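Below: the structure, in structure tokens.
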Amino acid sequence: MSKIQYVLIALAAAVVILAAGSIYTVNQGEQALVLQFGRPVRVVKEPGLKLKIPMIQNVVFYDARLLNLDPPAQEVVLNDKKRLDVDSFTRYRIIDPLKFYKTVRTEYQAQSKLAEIVNSSVRKILGRITLPELLSQKRTQIMSDISSAVKSDAAQIGVSVADVRIRRADLPLQVLQAINARMKTERE
């Protein structure tokens, strides 16, 4: 092989590498944020084959589907000083990838921040009510208040909250054990 052929092969390889580095695919359930030297350049929400400048731009992908958040149960003190273990769940979607990137960057950090928002809203709203109110017809309004508080706070990180629900609200384990012990001694 001559030197010209080696140069042509090397040049062809370089072109293939550059072409491969300049093409990326956005899937149906994704959205992308193109970064140039770490700074956001554009948001891509349409699926398909896209182009970027190789070695200068990189792409961060975010899920565009409805995501679940299941924070651990928390103890909440009601207005009448009753304690409850509250287990909630949240469904959310990333709607503003640019704001999302600027505030939390990753889905893991977003889940952590969103768990704080949900837990804080649940404690704040349930801290204003009594146990009989929670067990009454007001429960729908209470859930609506919690959902509204979470939605407004979550919008600040580029997330739209579709649903917030309290899965369970139980008396704390220590209280249940004390009630069981009392009932056992009364039977004896």
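To be explicit about the labels: the chains of the structure tokens are called A, B, and onward in the order shown, and within each one the residues are counted from 1, while ligands get numbers from 1 in the order they are shown.
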
Which of stretch 84-116 of chain A fall in helix (DSSP H, G or I), as an MDAnalysis selection string: chainID A and resid 97:103 107:116

Please write the residues from the selection above to a file, keeping N, CA and C atoms, as a PDB file, in the first residue's frame.
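Here's the written file result-v5.pdb:
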ATOM      1  N   PRO A  97     -37.059  20.672  30.515  1.00  0.00           N
ATOM      2  CA  PRO A  97     -35.712  20.121  30.713  1.00  0.00           C
ATOM      3  C   PRO A  97     -34.651  21.167  31.057  1.00  0.00           C
ATOM      4  N   LEU A  98     -34.799  22.377  30.532  1.00  0.00           N
ATOM      5  CA  LEU A  98     -33.814  23.429  30.807  1.00  0.00           C
ATOM      6  C   LEU A  98     -33.865  23.842  32.281  1.00  0.00           C
ATOM      7  N   LYS A  99     -35.044  24.118  32.800  1.00  0.00           N
ATOM      8  CA  LYS A  99     -35.200  24.471  34.215  1.00  0.00           C
ATOM      9  C   LYS A  99     -34.799  23.289  35.101  1.00  0.00           C
ATOM     10  N   PHE A 100     -35.167  22.089  34.667  1.00  0.00           N
ATOM     11  CA  PHE A 100     -34.818  20.874  35.389  1.00  0.00           C
ATOM     12  C   PHE A 100     -33.298  20.748  35.506  1.00  0.00           C
ATOM     13  N   TYR A 101     -32.596  20.945  34.408  1.00  0.00           N
ATOM     14  CA  TYR A 101     -31.136  20.845  34.388  1.00  0.00           C
ATOM     15  C   TYR A 101     -30.500  21.913  35.281  1.00  0.00           C
ATOM     16  N   LYS A 102     -31.028  23.129  35.223  1.00  0.00           N
ATOM     17  CA  LYS A 102     -30.449  24.225  36.002  1.00  0.00           C
ATOM     18  C   LYS A 102     -30.680  24.063  37.500  1.00  0.00           C
ATOM     19  N   THR A 103     -31.785  23.420  37.890  1.00  0.00           N
ATOM     20  CA  THR A 103     -32.092  23.320  39.321  1.00  0.00           C
ATOM     21  C   THR A 103     -31.643  22.011  39.957  1.00  0.00           C
ATOM     22  N   GLU A 107     -32.206  12.950  37.472  1.00  0.00           N
ATOM     23  CA  GLU A 107     -33.482  12.438  37.947  1.00  0.00           C
ATOM     24  C   GLU A 107     -33.376  11.980  39.403  1.00  0.00           C
ATOM     25  N   TYR A 108     -32.221  11.487  39.805  1.00  0.00           N
ATOM     26  CA  TYR A 108     -32.020  11.074  41.193  1.00  0.00           C
ATOM     27  C   TYR A 108     -32.149  12.274  42.135  1.00  0.00           C
ATOM     28  N   GLN A 109     -31.484  13.370  41.794  1.00  0.00           N
ATOM     29  CA  GLN A 109     -31.576  14.573  42.616  1.00  0.00           C
ATOM     30  C   GLN A 109     -32.984  15.151  42.585  1.00  0.00           C
ATOM     31  N   ALA A 110     -33.658  15.025  41.446  1.00  0.00           N
ATOM     32  CA  ALA A 110     -35.034  15.512  41.341  1.00  0.00           C
ATOM     33  C   ALA A 110     -35.949  14.717  42.255  1.00  0.00           C
ATOM     34  N   GLN A 111     -35.758  13.406  42.308  1.00  0.00           N
ATOM     35  CA  GLN A 111     -36.584  12.585  43.192  1.00  0.00           C
ATOM     36  C   GLN A 111     -36.337  12.953  44.654  1.00  0.00           C
ATOM     37  N   SER A 112     -35.106  13.223  44.997  1.00  0.00           N
ATOM     38  CA  SER A 112     -34.788  13.636  46.359  1.00  0.00           C
ATOM     39  C   SER A 112     -35.463  14.965  46.692  1.00  0.00           C
ATOM     40  N   LYS A 113     -35.352  15.929  45.795  1.00  0.00           N
ATOM     41  CA  LYS A 113     -35.967  17.246  46.001  1.00  0.00           C
ATOM     42  C   LYS A 113     -37.485  17.134  46.030  1.00  0.00           C
ATOM     43  N   LEU A 114     -38.054  16.345  45.121  1.00  0.00           N
ATOM     44  CA  LEU A 114     -39.502  16.177  45.069  1.00  0.00           C
ATOM     45  C   LEU A 114     -40.008  15.458  46.320  1.00  0.00           C
ATOM     46  N   ALA A 115     -39.254  14.508  46.841  1.00  0.00           N
ATOM     47  CA  ALA A 115     -39.636  13.832  48.088  1.00  0.00           C
ATOM     48  C   ALA A 115     -39.679  14.840  49.237  1.00  0.00           C
ATOM     49  N   GLU A 116     -38.723  15.763  49.274  1.00  0.00           N
ATOM     50  CA  GLU A 116     -38.733  16.828  50.283  1.00  0.00           C
ATOM     51  C   GLU A 116     -39.979  17.694  50.135  1.00  0.00           C
TER      52      GLU A 116
END

Long-range neighbours of stretch 25-35 of chain A as a PyMOL selection string, 8 Å cut-off, only C-alpha atoms, 4 positions minimum in chain: chain A and resi 39-50+52+57-65+97-98

Nearest-residue call for A:Met55, choices A:Met1, A:Ile23, A:Ala13, A:Ile166, using only C-alpha atoms: A:Ile23

DSSP strand (DSSP E or B) residues within stretch 65-150 of chain A, listed as an NGL selection string: :A and (67-69 or 74-77 or 83-94)

Between atom CA of A:Val118 and atom CA of A:Ile157 - distance in Å to one decimal: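 Interatomic distance, atom CA of A:Ile157 to atom CA of A:Val118: 13.3 Å.
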
Distance criterion (only C-alpha atoms): nearest to A:Asp70 out of A:Arg91, A:Arg83, A:Lys124, A:Arg139: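 Checking each of A:Arg91, A:Arg83, A:Lys124, A:Arg139 against A:Asp70, counting only C-alpha atoms, the winner is A:Arg91.
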
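Here the question is which of A:Ser120, A:Thr185, A:Gln156, A:Ser22 gets nearest to A:Ile56 using only C-alpha atoms, and that residue is A:Ser22.
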
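The shortest atom-to-atom distance to A:Pro71, with only C-alpha atoms taken into account, belongs to A:Val122 out of A:Ala19, A:Val122, A:Leu51, A:Ile94.
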
Using only C-alpha atoms: which of A:Tyr24, A:Tyr6, A:Tyr92, A:Phe37 has the shortest distance to A:Val159: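 When distances to A:Val159 are compared using only C-alpha atoms, the smallest one comes from A:Tyr92.
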
Option closest in space to A:Asp85, from A:Pro172, A:Ser147, A:Gly127, A:Lys184 [counting only C-alpha atoms]: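 Under the stated criterion, the closest residue is A:Pro172.
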
Distance in Å - atom CA of A:Asp87 versus atom CA of A:Ala149: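 Separating atom CA of A:Asp87 from atom CA of A:Ala149 is a distance of 17.2 Å.
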